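The block underneath contains the structure these notes are about, expressed in structure tokens.
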Amino acid sequence: MKSDIEIAQETKMVHIKEVAAQLDVNEDDLELYGKYKAKLSDELLDKIKDKKDGKLVLVTAINPTPAGEGKTTTSVGLAEAMGVLGKKACLALREPSLGPCFGIKGGAAGGGYAQVVPMEDLNLHFTGDFHAITSANNLLAAILDNHIQQGNELGIDPRQIVWKRCLDMNDRALRNIVVGLGSKMDGMVREDHFVITVASEIMAILCLADDMHDLKKRLGRIIVAYTFDGKPVTAEDLKATGSMAALLKDALKPNLIQTLEHTPAIVHGGPFANIAHGCNSVKATKAAMKLADITITEAGFGADLGAEKFFDIKCRMAGLKPDAVVLVATIRALKYNGGVAKDMLKEENLDALKKGIVNLEKHIENLHKYGVPVVVTLNAFVSDTEAETEYVRDFCQKRGCEFALSKVWEFGGKGGVELANKVLEVLDTKKSDFKPLYEDSLSLDEKIKTVAKEIYGAEDVSYSPAAAKELKRLTDLGMGSFPVCMAKTQYSLSDDPKQLGRPSGFTLNVREIYPSAGAGFIVAVTGSIMTMPGLPKTPAAYNIDVTDDGVITGLF
């Protein structure tokens with residue numbers, strides 16, 4: 001079987017203006033980045049703002065395992081399948097981060113015959129959005145340190161600086177650093193930290209902002225530090241808002257590319273779901289819904305993270321009401337949750353499947369709490385047996401879910417027709433009664449406990465002394481009405497990545513709380529989750545290369 005990058009490179013792409021034409025978008029409304037990439041102009045977004053919205057379908061998954069689930073692959077294949085059926089569909093996806101691309105996970109363009117292209121461009125720099133976000137983030141850090149160096153007029157307490165620098169790379173050595181070493185002219189010596197760009201608050205702000213006016217308001221609200229008497233200091237206080245916005249002017253515009261079958265794909269923004277809110281930009285999703293009859297979007301990692309934040313943060317803030325959810329699973333991943341070793345997953349094992357399917361069961365129950373119809377799809381592998389598939393089909397149907405097989409990795413859009421027809425049937429026959437999990441009026445503590453108990457299955461929540469203190473401070477500062485963004489391992493419903501299946505009776509441990517005041521949510525960091533990942537022993541970077549004639553190899 002050919003590799004993903006070989007399949008992508010052998011595909012004959014069409015000019016991006018032909019892709020845009022499928023959405024009734026003229027070339028004049030595009031800002032071209034070569035032949036196969038473009039940004040949607042502000043003029044276009046203004047022109048379509050009063051058009052009727054199409055249907056919105058979220059693709060999510062069970063907790064990820066080393067066996068692979070194929071959520072992005074399913075999203076891409078479903079959109080391609082809608083095209084096969086003659087439907088006007090559009091994808092709305094996140095941009096990949098360089099961190100996992102060079103780390104262990106690889107790229108994020110789908111797989112097999114369900115990919116978005118140009119695959120190499122998307123995974124490596126793309127249109128420069130992440131670089132703009134990194135620059136804006138670090139400009140604010142530079143202005144902050146310079147303000148202290150130049151006399152500290154605002155009375156910033158260097159021990160209470162909360163703004164961190166960022167880099168779109170897995171680099172554990174930058175988690176905890178010391179800056180300002182050298183002479184007096186080199187700045188004040190203090191402890192500092194880096195996060196990966198996708199965990200930067202500016203990434204979240206870009207993905208939640210409606211327009212430039214909203215972007216600037218959000219940027220101005222960023223809390224960077226506290227004064228000696230405990231008052232918050234914002235980016236606006238440091239006069240940094242305008243210059244940051246200038247760096248983000250083009251990054252704010254959604255990007256248009258295509259699938260292998262030339263289906264339009266709007267790819268914009270990329271916060272991780274394990275340490276941020278895990279959804280592509282509001283501008284991209286809303287644009288897709290105005291331009292197409294059916295928009296297919298996804299949220300990162302499992303439904304306990306990505307879908308929960310899509311519903312409770314993105315939909316709440318943007319006023320979105322999803323019409324259906326596709327929940328992706330694989331036989332292999334369910335057996336892995338049932339205790340089967342990775343090298344034994346190809347063998348039929350109904351006992352392990354019955355034991356591990358409780359993970360899928362919990363995600364089904366969670367999604368039903370939001371009032372949105374659920375379609376479960378199995379991303380099919382050749383090793384799946386008929387008995388295993390039929391067991392999962394029956395299991396889902398007994399729990400009020402529609403079910404379909406997906407073979408998009410192998411067959412592209414044609415392999416997703418069964419799933420597409422099932423989604424269309426649900427959109428035609430079932431009404432979504434979407435509602436968020438909790439009300440704004442709940443306290444931050446109650447919101448955290450609601451997510452922990454209702455979504456993760458925790459029995460209780462504990463706070464470190466520092467987290468409890470910060471929770472009170474943020475409430476006193478008037479942020480108690482904000483939604484919560486849980487930073488948690490993606491590998492388990494609990495905060496322990498080794499607890500597979502459906503853990504229960506555990507206490508969720510919150511070790512850190514911090515505000516994303518510009519984004520408009522409070523982050524609760526649980527367990528040992530890191531906001532700056534590290535590289536594995538054998539990084540994917542070892543295998544990536546470029547030939548003498550400029551062809552990139554080794555991406556996956």
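Residue numbers start at 1 in each chain; chains themselves are named A, B, ... in the order of the structure tokens; ligands are numbered from 1 in the order shown.
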Quick one: everything within 6 Å of range 56-65 of chain A, counting only C-alpha atoms, minus sequence neighbours fewer than 2 positions away in the same chain. Send it as a PyMOL selection string.
chain A and resi 67-68+295-299+302-303+322-329+360+491
Would you write out those residues with all heavy atoms, as a compact mmCIF listing (two decimals), in the first residue's frame?
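result.txt written:
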# COMPACT_ATOMS: atom_id res chain seq x y z
N ALA A 67 -3.62 2.22 18.37
CA ALA A 67 -4.19 1.50 17.23
C ALA A 67 -4.75 2.45 16.17
O ALA A 67 -4.95 2.06 15.03
CB ALA A 67 -5.31 0.56 17.72
N GLY A 68 -5.02 3.69 16.55
CA GLY A 68 -5.51 4.69 15.60
C GLY A 68 -7.00 4.63 15.40
O GLY A 68 -7.61 3.56 15.38
N THR A 295 -21.89 21.43 6.33
CA THR A 295 -20.53 21.66 6.81
C THR A 295 -20.13 20.52 7.73
O THR A 295 -20.87 20.18 8.66
CB THR A 295 -20.43 22.99 7.58
OG1 THR A 295 -20.63 24.07 6.66
CG2 THR A 295 -19.06 23.15 8.23
N ILE A 296 -18.97 19.94 7.46
CA ILE A 296 -18.45 18.85 8.29
C ILE A 296 -17.21 19.37 8.99
O ILE A 296 -16.23 19.76 8.35
CB ILE A 296 -18.12 17.62 7.44
CG1 ILE A 296 -19.41 17.07 6.82
CG2 ILE A 296 -17.43 16.54 8.27
CD1 ILE A 296 -19.21 16.33 5.53
N THR A 297 -17.25 19.40 10.31
CA THR A 297 -16.13 19.88 11.09
C THR A 297 -15.73 18.82 12.10
O THR A 297 -16.44 17.82 12.28
CB THR A 297 -16.47 21.21 11.78
OG1 THR A 297 -15.28 21.78 12.33
CG2 THR A 297 -17.49 21.03 12.90
N GLU A 298 -14.59 19.00 12.74
CA GLU A 298 -14.16 18.03 13.75
C GLU A 298 -13.62 18.77 14.96
O GLU A 298 -13.34 19.96 14.91
CB GLU A 298 -13.09 17.09 13.19
CG GLU A 298 -11.77 17.76 12.92
CD GLU A 298 -10.61 16.77 12.74
OE1 GLU A 298 -10.85 15.57 12.63
OE2 GLU A 298 -9.47 17.24 12.70
N ALA A 299 -13.50 18.05 16.04
CA ALA A 299 -12.91 18.57 17.27
C ALA A 299 -11.87 17.57 17.75
O ALA A 299 -12.05 16.37 17.61
CB ALA A 299 -13.98 18.79 18.33
N GLY A 302 -10.55 12.74 21.73
CA GLY A 302 -11.82 12.07 21.99
C GLY A 302 -12.94 13.05 22.32
O GLY A 302 -12.71 14.23 22.56
N ALA A 303 -14.16 12.53 22.35
CA ALA A 303 -15.33 13.38 22.61
C ALA A 303 -15.31 13.98 24.01
O ALA A 303 -15.97 14.99 24.26
CB ALA A 303 -16.61 12.57 22.39
N PRO A 322 -25.19 22.58 16.42
CA PRO A 322 -24.90 21.44 15.53
C PRO A 322 -26.13 20.58 15.30
O PRO A 322 -26.97 20.40 16.20
CB PRO A 322 -23.82 20.67 16.29
CG PRO A 322 -23.92 21.14 17.71
CD PRO A 322 -24.43 22.53 17.67
N ASP A 323 -26.22 20.02 14.10
CA ASP A 323 -27.40 19.23 13.72
C ASP A 323 -27.19 17.74 13.91
O ASP A 323 -28.17 16.99 14.02
CB ASP A 323 -27.74 19.51 12.25
CG ASP A 323 -28.14 20.96 12.03
OD1 ASP A 323 -29.26 21.32 12.39
OD2 ASP A 323 -27.30 21.74 11.53
N ALA A 324 -25.94 17.28 13.94
CA ALA A 324 -25.66 15.85 14.13
C ALA A 324 -24.21 15.69 14.55
O ALA A 324 -23.38 16.56 14.32
CB ALA A 324 -25.94 15.06 12.85
N VAL A 325 -23.92 14.53 15.17
CA VAL A 325 -22.56 14.18 15.57
C VAL A 325 -22.22 12.81 15.00
O VAL A 325 -23.02 11.88 15.10
CB VAL A 325 -22.41 14.14 17.11
CG1 VAL A 325 -20.98 13.73 17.48
CG2 VAL A 325 -22.75 15.47 17.73
N VAL A 326 -21.04 12.70 14.42
CA VAL A 326 -20.51 11.40 13.99
C VAL A 326 -19.43 11.01 14.99
O VAL A 326 -18.47 11.76 15.20
CB VAL A 326 -19.94 11.46 12.57
CG1 VAL A 326 -19.26 10.14 12.21
CG2 VAL A 326 -21.03 11.79 11.56
N LEU A 327 -19.59 9.85 15.61
CA LEU A 327 -18.65 9.35 16.61
C LEU A 327 -17.85 8.21 16.00
O LEU A 327 -18.39 7.15 15.66
CB LEU A 327 -19.41 8.88 17.85
CG LEU A 327 -18.60 8.27 19.00
CD1 LEU A 327 -17.56 9.24 19.53
CD2 LEU A 327 -19.54 7.83 20.13
N VAL A 328 -16.53 8.42 15.86
CA VAL A 328 -15.67 7.46 15.16
C VAL A 328 -15.04 6.48 16.16
O VAL A 328 -14.55 6.88 17.22
CB VAL A 328 -14.55 8.19 14.40
CG1 VAL A 328 -13.65 7.20 13.65
CG2 VAL A 328 -15.13 9.22 13.43
N ALA A 329 -15.05 5.22 15.80
CA ALA A 329 -14.37 4.18 16.58
C ALA A 329 -13.77 3.16 15.62
O ALA A 329 -14.08 3.17 14.42
CB ALA A 329 -15.35 3.49 17.54
N LEU A 360 -16.66 3.34 24.25
CA LEU A 360 -17.60 3.87 23.27
C LEU A 360 -18.94 4.17 23.93
O LEU A 360 -19.56 5.21 23.65
CB LEU A 360 -17.78 2.85 22.14
CG LEU A 360 -18.85 3.16 21.09
CD1 LEU A 360 -18.53 4.44 20.34
CD2 LEU A 360 -19.01 1.98 20.11
N TYR A 491 -5.73 10.24 26.44
CA TYR A 491 -5.72 8.78 26.34
C TYR A 491 -6.70 8.09 27.27
O TYR A 491 -6.93 6.89 27.14
CB TYR A 491 -4.31 8.27 26.60
CG TYR A 491 -3.30 8.77 25.60
CD1 TYR A 491 -2.26 9.61 25.97
CD2 TYR A 491 -3.41 8.42 24.26
CE1 TYR A 491 -1.34 10.08 25.04
CE2 TYR A 491 -2.50 8.89 23.32
CZ TYR A 491 -1.47 9.72 23.72
OH TYR A 491 -0.58 10.19 22.80
Considering only C-alpha atoms, give me a table of residues in range 327-369 of chain A that are at most 12 Å from range 433-447 of chain A, with the closest atom pair and distance in Å for each, as CSV.
residue,atom,partner,partner_atom,distance
A:Asn366,CA,A:Leu437,CA,9.5
A:Leu367,CA,A:Leu437,CA,9.9
A:His368,CA,A:Phe434,CA,9.4
A:Lys369,CA,A:Leu437,CA,7.1
Going by DSSP on the backbone, which bits of range 335-478 of chain A are alpha helix (DSSP H)? Write them as a PyMOL selection string, please.
chain A and resi 335-337+350-356+358-368+386-397+408-411+417-429+444-450+465-476
When you draw a straight line from CA of Gly338 in chain A to CA of Leu353 in chain A, how long is it in Å?
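CA of Leu353 in chain A lies 6.0 Å from CA of Gly338 in chain A.
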At a cut-off of 10 Å, using only C-alpha atoms, what residues contact range 136-143 of chain A? Leave out same-chain residues fewer than 2 positions from it and give the result as a PDB file with N, CA and C atoms, in the first residue's frame.
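What follows is the written file part-v3.pdb:
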ATOM      1  N   PHE A 130       0.387  30.151  11.895  1.00  0.00           N
ATOM      2  CA  PHE A 130       0.961  29.825  13.206  1.00  0.00           C
ATOM      3  C   PHE A 130       2.179  30.696  13.513  1.00  0.00           C
ATOM      4  N   HIS A 131       2.924  31.063  12.482  1.00  0.00           N
ATOM      5  CA  HIS A 131       4.066  31.945  12.695  1.00  0.00           C
ATOM      6  C   HIS A 131       3.599  33.330  13.134  1.00  0.00           C
ATOM      7  N   ALA A 132       2.486  33.788  12.569  1.00  0.00           N
ATOM      8  CA  ALA A 132       1.934  35.082  12.960  1.00  0.00           C
ATOM      9  C   ALA A 132       1.479  35.054  14.414  1.00  0.00           C
ATOM     10  N   ILE A 133       0.842  33.950  14.811  1.00  0.00           N
ATOM     11  CA  ILE A 133       0.386  33.801  16.198  1.00  0.00           C
ATOM     12  C   ILE A 133       1.587  33.760  17.143  1.00  0.00           C
ATOM     13  N   THR A 134       2.615  33.001  16.764  1.00  0.00           N
ATOM     14  CA  THR A 134       3.829  32.937  17.581  1.00  0.00           C
ATOM     15  C   THR A 134       4.456  34.318  17.729  1.00  0.00           C
ATOM     16  N   ASP A 145       8.480  42.514  29.187  1.00  0.00           N
ATOM     17  CA  ASP A 145       9.800  42.578  29.812  1.00  0.00           C
ATOM     18  C   ASP A 145      10.443  43.953  29.624  1.00  0.00           C
ATOM     19  N   ASN A 146      10.195  44.562  28.460  1.00  0.00           N
ATOM     20  CA  ASN A 146      10.752  45.892  28.223  1.00  0.00           C
ATOM     21  C   ASN A 146      10.127  46.925  29.160  1.00  0.00           C
ATOM     22  N   HIS A 147       8.831  46.781  29.421  1.00  0.00           N
ATOM     23  CA  HIS A 147       8.164  47.717  30.333  1.00  0.00           C
ATOM     24  C   HIS A 147       8.808  47.674  31.724  1.00  0.00           C
ATOM     25  N   ILE A 148       9.105  46.465  32.180  1.00  0.00           N
ATOM     26  CA  ILE A 148       9.755  46.335  33.490  1.00  0.00           C
ATOM     27  C   ILE A 148      11.155  46.939  33.445  1.00  0.00           C
ATOM     28  N   GLN A 149      11.884  46.684  32.356  1.00  0.00           N
ATOM     29  CA  GLN A 149      13.243  47.207  32.203  1.00  0.00           C
ATOM     30  C   GLN A 149      13.268  48.740  32.169  1.00  0.00           C
ATOM     31  N   ILE A 161       4.233  37.287  36.986  1.00  0.00           N
ATOM     32  CA  ILE A 161       4.063  37.329  35.530  1.00  0.00           C
ATOM     33  C   ILE A 161       3.490  35.993  35.074  1.00  0.00           C
ATOM     34  N   TRP A 163       2.170  35.594  31.687  1.00  0.00           N
ATOM     35  CA  TRP A 163       2.257  35.437  30.232  1.00  0.00           C
ATOM     36  C   TRP A 163       3.511  34.658  29.884  1.00  0.00           C
ATOM     37  N   LYS A 164       3.359  33.660  28.993  1.00  0.00           N
ATOM     38  CA  LYS A 164       4.477  32.797  28.611  1.00  0.00           C
ATOM     39  C   LYS A 164       4.795  32.972  27.132  1.00  0.00           C
ATOM     40  N   ARG A 165       6.042  32.800  26.802  1.00  0.00           N
ATOM     41  CA  ARG A 165       6.430  32.795  25.403  1.00  0.00           C
ATOM     42  C   ARG A 165       5.964  31.495  24.734  1.00  0.00           C
ATOM     43  N   CYS A 166       6.023  31.422  23.407  1.00  0.00           N
ATOM     44  CA  CYS A 166       5.554  30.198  22.739  1.00  0.00           C
ATOM     45  C   CYS A 166       6.414  29.892  21.525  1.00  0.00           C
ATOM     46  N   LEU A 167       6.326  28.648  21.097  1.00  0.00           N
ATOM     47  CA  LEU A 167       7.025  28.143  19.921  1.00  0.00           C
ATOM     48  C   LEU A 167       6.237  26.953  19.401  1.00  0.00           C
ATOM     49  N   PHE A 194       7.814  28.526  28.337  1.00  0.00           N
ATOM     50  CA  PHE A 194       7.274  28.456  26.981  1.00  0.00           C
ATOM     51  C   PHE A 194       6.104  27.474  26.956  1.00  0.00           C
ATOM     52  N   THR A 197       2.755  26.720  20.560  1.00  0.00           N
ATOM     53  CA  THR A 197       1.914  27.772  19.973  1.00  0.00           C
ATOM     54  C   THR A 197       0.433  27.436  20.004  1.00  0.00           C
ATOM     55  N   SER A 200      -1.184  28.615  23.073  1.00  0.00           N
ATOM     56  CA  SER A 200      -1.171  30.047  23.347  1.00  0.00           C
ATOM     57  C   SER A 200      -2.595  30.588  23.385  1.00  0.00           C
ATOM     58  N   GLU A 201      -2.828  31.528  24.293  1.00  0.00           N
ATOM     59  CA  GLU A 201      -4.149  32.157  24.342  1.00  0.00           C
ATOM     60  C   GLU A 201      -4.459  32.888  23.041  1.00  0.00           C
ATOM     61  N   ILE A 202      -3.428  33.365  22.348  1.00  0.00           N
ATOM     62  CA  ILE A 202      -3.676  34.067  21.087  1.00  0.00           C
ATOM     63  C   ILE A 202      -4.235  33.120  20.040  1.00  0.00           C
ATOM     64  N   MET A 203      -3.836  31.853  20.052  1.00  0.00           N
ATOM     65  CA  MET A 203      -4.444  30.859  19.168  1.00  0.00           C
ATOM     66  C   MET A 203      -5.929  30.740  19.471  1.00  0.00           C
ATOM     67  N   LEU A 219      -7.728  40.629  22.409  1.00  0.00           N
ATOM     68  CA  LEU A 219      -6.298  40.781  22.655  1.00  0.00           C
ATOM     69  C   LEU A 219      -6.044  41.747  23.811  1.00  0.00           C
ATOM     70  N   ILE A 222      -6.207  40.304  27.465  1.00  0.00           N
ATOM     71  CA  ILE A 222      -5.254  39.290  27.933  1.00  0.00           C
ATOM     72  C   ILE A 222      -4.590  39.753  29.230  1.00  0.00           C
ATOM     73  N   VAL A 224      -1.519  39.553  31.542  1.00  0.00           N
ATOM     74  CA  VAL A 224      -0.125  39.153  31.408  1.00  0.00           C
ATOM     75  C   VAL A 224       0.589  39.027  32.748  1.00  0.00           C
ATOM     76  N   ALA A 235      -2.814  43.302  28.236  1.00  0.00           N
ATOM     77  CA  ALA A 235      -2.098  43.713  27.025  1.00  0.00           C
ATOM     78  C   ALA A 235      -2.445  45.146  26.650  1.00  0.00           C
ATOM     79  N   LEU A 238      -0.393  47.576  28.490  1.00  0.00           N
ATOM     80  CA  LEU A 238       0.965  47.650  27.958  1.00  0.00           C
ATOM     81  C   LEU A 238       1.024  48.270  26.561  1.00  0.00           C
ATOM     82  N   LYS A 239      -0.143  48.714  26.052  1.00  0.00           N
ATOM     83  CA  LYS A 239      -0.228  49.343  24.726  1.00  0.00           C
ATOM     84  C   LYS A 239       0.248  48.401  23.608  1.00  0.00           C
ATOM     85  N   ALA A 240      -0.030  47.099  23.768  1.00  0.00           N
ATOM     86  CA  ALA A 240       0.439  46.100  22.809  1.00  0.00           C
ATOM     87  C   ALA A 240      -0.633  45.659  21.817  1.00  0.00           C
ATOM     88  N   THR A 241      -1.879  46.042  22.036  1.00  0.00           N
ATOM     89  CA  THR A 241      -2.994  45.493  21.262  1.00  0.00           C
ATOM     90  C   THR A 241      -2.861  45.751  19.764  1.00  0.00           C
ATOM     91  N   SER A 243      -0.309  46.542  17.747  1.00  0.00           N
ATOM     92  CA  SER A 243       0.789  45.887  17.027  1.00  0.00           C
ATOM     93  C   SER A 243       0.562  44.383  16.932  1.00  0.00           C
ATOM     94  N   MET A 244      -0.018  43.782  17.959  1.00  0.00           N
ATOM     95  CA  MET A 244      -0.345  42.356  17.883  1.00  0.00           C
ATOM     96  C   MET A 244      -1.382  42.104  16.800  1.00  0.00           C
ATOM     97  N   ALA A 245      -2.402  42.952  16.755  1.00  0.00           N
ATOM     98  CA  ALA A 245      -3.452  42.804  15.737  1.00  0.00           C
ATOM     99  C   ALA A 245      -2.884  42.949  14.337  1.00  0.00           C
ATOM    100  N   ALA A 246      -1.903  43.855  14.173  1.00  0.00           N
ATOM    101  CA  ALA A 246      -1.286  44.043  12.860  1.00  0.00           C
ATOM    102  C   ALA A 246      -0.597  42.767  12.391  1.00  0.00           C
ATOM    103  N   LEU A 247       0.053  42.065  13.306  1.00  0.00           N
ATOM    104  CA  LEU A 247       0.701  40.799  12.961  1.00  0.00           C
ATOM    105  C   LEU A 247      -0.320  39.721  12.591  1.00  0.00           C
ATOM    106  N   LEU A 248      -1.538  39.833  13.106  1.00  0.00           N
ATOM    107  CA  LEU A 248      -2.561  38.800  12.910  1.00  0.00           C
ATOM    108  C   LEU A 248      -3.550  39.139  11.804  1.00  0.00           C
TER     109      LEU A 248
END
Give the strand (DSSP E or B) residues of range 388-530 of chain A, as assigned by DSSP on the backbone, as a PyMOL selection string.
chain A and resi 402-406+460-463+484-487+507-516+521-526
Given only C-alpha atoms as the counted atoms, nearest of A:Val423, A:Ala352, A:Leu305, A:Ala92 to Val451 in chain A
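With only C-alpha atoms as the atom set, the closest residue is A:Leu305.
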Point-to-point distance from CA of Cys396 in chain A to CA of Gly356 in chain A, Å rounded to tenths
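Between CA of Cys396 in chain A and CA of Gly356 in chain A the gap is 13.8 Å.
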How many Å separate CA of Met185 in chain A from CA of Tyr226 in chain A?
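We find that CA of Met185 in chain A and CA of Tyr226 in chain A lie 23.3 Å from each other.
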Among the residues A:Pro232, A:Gly70, A:Gly54, A:Gly242, the one that comes closest to Ala109 in chain A [using only C-alpha atoms]
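Using only C-alpha atoms, Ala109 in chain A sits closest to A:Gly70.
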